[in-house]
Amino acid sequence: MFDALDISGSALVAQRARLDTIAGNIANLNTTRNAAGQVEPYRRRFAVFAPGRADDPTQPGVHVRKIEMDRSPGRKVYDPGHPDADASGHVLYPNIDLAVEYVNALEASRAYEANVTTMEVTKAMMAASLRLLA
């Protein structure tokens, strides 16, 4: 019975990491420079899940194996007045589609809610079992 709580708990942590990654993508939707200030657009990131717990993959649950960068090309926009425009007047923006990020955030939040509900039902079943034993 406690495994069910552990599984849902690991899923909550994984979905939270996924939501944090999506939030970072949305926050950097128009970032055209890297942390060093060089002209290099932000790259979309995404969480890769793996079965098992992070500390013990043989145990039931899920964890974020790693955060990967999307290697698809960025958006090229003609904006000759932009400080990061190239010689032809094009600016390379991140490879982030707001609609895709929004759908991914909805999916992750629904999965988070489903796991919270699963934990609540599991706790109720445990409480009912203890009442039967008493």
# chains A, B, ... in the order shown; residues from 1 in each chain; ligands from 1
>>> select_by_dssp(residues="chain A", states="helix (DSSP H, G or I)", output="ChimeraX atom specification")
/A:2-27,98-133
>>> write_last_selection(atoms="C-alpha atoms", output="mmCIF file, in the first residue's frame")
data_model
loop_
_atom_site.group_PDB
_atom_site.id
_atom_site.type_symbol
_atom_site.label_atom_id
_atom_site.label_comp_id
_atom_site.auth_asym_id
_atom_site.auth_seq_id
_atom_site.Cartn_x
_atom_site.Cartn_y
_atom_site.Cartn_z
ATOM 1 C CA PHE A 2 2.881 2.358 0.763
ATOM 2 C CA ASP A 3 4.345 1.601 -2.670
ATOM 3 C CA ALA A 4 1.292 3.255 -4.218
ATOM 4 C CA LEU A 5 2.068 6.437 -2.284
ATOM 5 C CA ASP A 6 5.732 6.247 -3.294
ATOM 6 C CA ILE A 7 4.819 5.769 -6.956
ATOM 7 C CA SER A 8 2.475 8.749 -6.942
ATOM 8 C CA GLY A 9 5.011 10.803 -5.001
ATOM 9 C CA SER A 10 7.722 10.087 -7.551
ATOM 10 C CA ALA A 11 5.317 11.061 -10.343
ATOM 11 C CA LEU A 12 4.574 14.368 -8.582
ATOM 12 C CA VAL A 13 8.284 15.165 -8.440
ATOM 13 C CA ALA A 14 8.758 14.206 -12.107
ATOM 14 C CA GLN A 15 5.797 16.266 -13.320
ATOM 15 C CA ARG A 16 6.974 19.224 -11.256
ATOM 16 C CA ALA A 17 10.370 19.057 -12.975
ATOM 17 C CA ARG A 18 8.590 18.865 -16.322
ATOM 18 C CA LEU A 19 6.496 21.944 -15.486
ATOM 19 C CA ASP A 20 9.617 23.829 -14.386
ATOM 20 C CA THR A 21 11.262 22.996 -17.716
ATOM 21 C CA ILE A 22 8.195 24.170 -19.651
ATOM 22 C CA ALA A 23 8.103 27.399 -17.632
ATOM 23 C CA GLY A 24 11.749 28.003 -18.499
ATOM 24 C CA ASN A 25 10.966 27.526 -22.182
ATOM 25 C CA ILE A 26 8.103 30.019 -22.044
ATOM 26 C CA ALA A 27 10.208 32.530 -20.118
ATOM 27 C CA LEU A 98 4.070 28.744 -27.374
ATOM 28 C CA ALA A 99 1.080 26.587 -28.363
ATOM 29 C CA VAL A 100 3.117 23.384 -27.933
ATOM 30 C CA GLU A 101 4.427 24.547 -24.558
ATOM 31 C CA TYR A 102 0.891 25.432 -23.435
ATOM 32 C CA VAL A 103 -0.427 21.983 -24.347
ATOM 33 C CA ASN A 104 2.546 20.308 -22.641
ATOM 34 C CA ALA A 105 1.916 22.394 -19.502
ATOM 35 C CA LEU A 106 -1.761 21.398 -19.481
ATOM 36 C CA GLU A 107 -0.842 17.743 -19.862
ATOM 37 C CA ALA A 108 1.741 17.913 -17.075
ATOM 38 C CA SER A 109 -0.649 19.720 -14.720
ATOM 39 C CA ARG A 110 -3.390 17.134 -15.406
ATOM 40 C CA ALA A 111 -0.944 14.321 -14.693
ATOM 41 C CA TYR A 112 0.065 16.098 -11.483
ATOM 42 C CA GLU A 113 -3.605 16.414 -10.446
ATOM 43 C CA ALA A 114 -4.242 12.740 -11.264
ATOM 44 C CA ASN A 115 -1.385 11.680 -9.014
ATOM 45 C CA VAL A 116 -2.610 13.902 -6.168
ATOM 46 C CA THR A 117 -6.025 12.254 -6.498
ATOM 47 C CA THR A 118 -4.414 8.816 -6.511
ATOM 48 C CA MET A 119 -2.586 9.659 -3.288
ATOM 49 C CA GLU A 120 -5.799 10.864 -1.653
ATOM 50 C CA VAL A 121 -7.652 7.675 -2.637
ATOM 51 C CA THR A 122 -4.757 5.534 -1.388
ATOM 52 C CA LYS A 123 -4.749 7.358 1.952
ATOM 53 C CA ALA A 124 -8.516 6.869 2.253
ATOM 54 C CA MET A 125 -8.138 3.143 1.543
ATOM 55 C CA MET A 126 -5.407 2.872 4.154
ATOM 56 C CA ALA A 127 -7.560 4.676 6.728
ATOM 57 C CA ALA A 128 -10.520 2.389 5.945
ATOM 58 C CA SER A 129 -8.293 -0.677 6.339
ATOM 59 C CA LEU A 130 -7.073 0.551 9.723
ATOM 60 C CA ARG A 131 -10.659 1.150 10.851
ATOM 61 C CA LEU A 132 -11.546 -2.455 9.915
ATOM 62 C CA LEU A 133 -8.620 -3.767 11.923
#
>>> select_by_dssp(residues="region 16-105 of chain A", states="strand (DSSP E)", output="ChimeraX atom specification")
/A:45-51,62-69,75-78,90-93
>>> write_last_selection(atoms="N, CA and C atoms", output="CSV table (one decimal), in the first residue's frame")
chain,number,residue,atom,x,y,z
A,45,ARG,N,14.0,23.1,-24.0
A,45,ARG,CA,14.4,21.9,-23.2
A,45,ARG,C,13.2,21.1,-22.9
A,46,PHE,N,13.4,19.8,-22.7
A,46,PHE,CA,12.3,18.9,-22.3
A,46,PHE,C,12.9,17.8,-21.4
A,47,ALA,N,11.9,17.4,-20.5
A,47,ALA,CA,12.3,16.4,-19.5
A,47,ALA,C,12.1,15.0,-20.1
A,48,VAL,N,13.1,14.1,-19.8
A,48,VAL,CA,13.1,12.7,-20.3
A,48,VAL,C,12.8,11.9,-19.0
A,49,PHE,N,11.7,11.1,-19.0
A,49,PHE,CA,11.4,10.3,-17.9
A,49,PHE,C,12.0,8.9,-18.0
A,50,ALA,N,12.2,8.3,-16.9
A,50,ALA,CA,12.7,6.9,-16.9
A,50,ALA,C,11.9,6.1,-15.8
A,51,PRO,N,11.7,4.8,-16.0
A,51,PRO,CA,11.0,4.1,-14.9
A,51,PRO,C,11.9,3.9,-13.7
A,62,VAL,N,8.7,6.6,-11.1
A,62,VAL,CA,9.2,7.3,-12.2
A,62,VAL,C,10.2,8.4,-11.8
A,63,HIS,N,11.1,8.8,-12.6
A,63,HIS,CA,12.0,9.9,-12.3
A,63,HIS,C,12.4,10.6,-13.6
A,64,VAL,N,12.9,11.8,-13.5
A,64,VAL,CA,13.5,12.5,-14.6
A,64,VAL,C,14.9,12.0,-14.8
A,65,ARG,N,15.1,11.3,-15.9
A,65,ARG,CA,16.5,10.8,-16.2
A,65,ARG,C,17.4,12.0,-16.6
A,66,LYS,N,16.9,12.9,-17.4
A,66,LYS,CA,17.7,14.1,-17.7
A,66,LYS,C,16.9,15.1,-18.4
A,67,ILE,N,17.4,16.3,-18.5
A,67,ILE,CA,16.7,17.4,-19.2
A,67,ILE,C,17.6,17.5,-20.5
A,68,GLU,N,16.9,17.3,-21.7
A,68,GLU,CA,17.6,17.4,-22.9
A,68,GLU,C,17.2,18.7,-23.7
A,69,MET,N,18.1,19.1,-24.6
A,69,MET,CA,17.8,20.3,-25.4
A,69,MET,C,17.3,19.8,-26.8
A,75,ARG,N,13.6,29.9,-35.1
A,75,ARG,CA,12.8,30.7,-36.0
A,75,ARG,C,13.6,31.8,-36.5
A,76,LYS,N,13.6,32.0,-37.8
A,76,LYS,CA,14.3,33.1,-38.5
A,76,LYS,C,13.3,34.1,-38.8
A,77,VAL,N,13.5,35.3,-38.3
A,77,VAL,CA,12.6,36.4,-38.5
A,77,VAL,C,13.3,37.6,-39.1
A,78,TYR,N,12.7,38.2,-40.1
A,78,TYR,CA,13.3,39.4,-40.7
A,78,TYR,C,13.0,40.6,-39.8
A,90,HIS,N,18.1,39.3,-40.6
A,90,HIS,CA,17.4,38.2,-40.0
A,90,HIS,C,17.9,38.0,-38.5
A,91,VAL,N,16.9,37.7,-37.7
A,91,VAL,CA,17.2,37.4,-36.3
A,91,VAL,C,16.8,35.9,-36.0
A,92,LEU,N,17.7,35.2,-35.4
A,92,LEU,CA,17.4,33.8,-35.1
A,92,LEU,C,16.8,33.7,-33.7
A,93,TYR,N,15.6,33.3,-33.6
A,93,TYR,CA,14.9,33.2,-32.3
A,93,TYR,C,14.8,31.8,-31.8
>>> atom_distance(atom1="CA of Glu40 (chain A)", atom2="CA of Arg71 (chain A)")
13.1 Å
>>> atom_distance(atom1="CA of Asp70 (chain A)", atom2="CA of Ile96 (chain A)")
9.2 Å
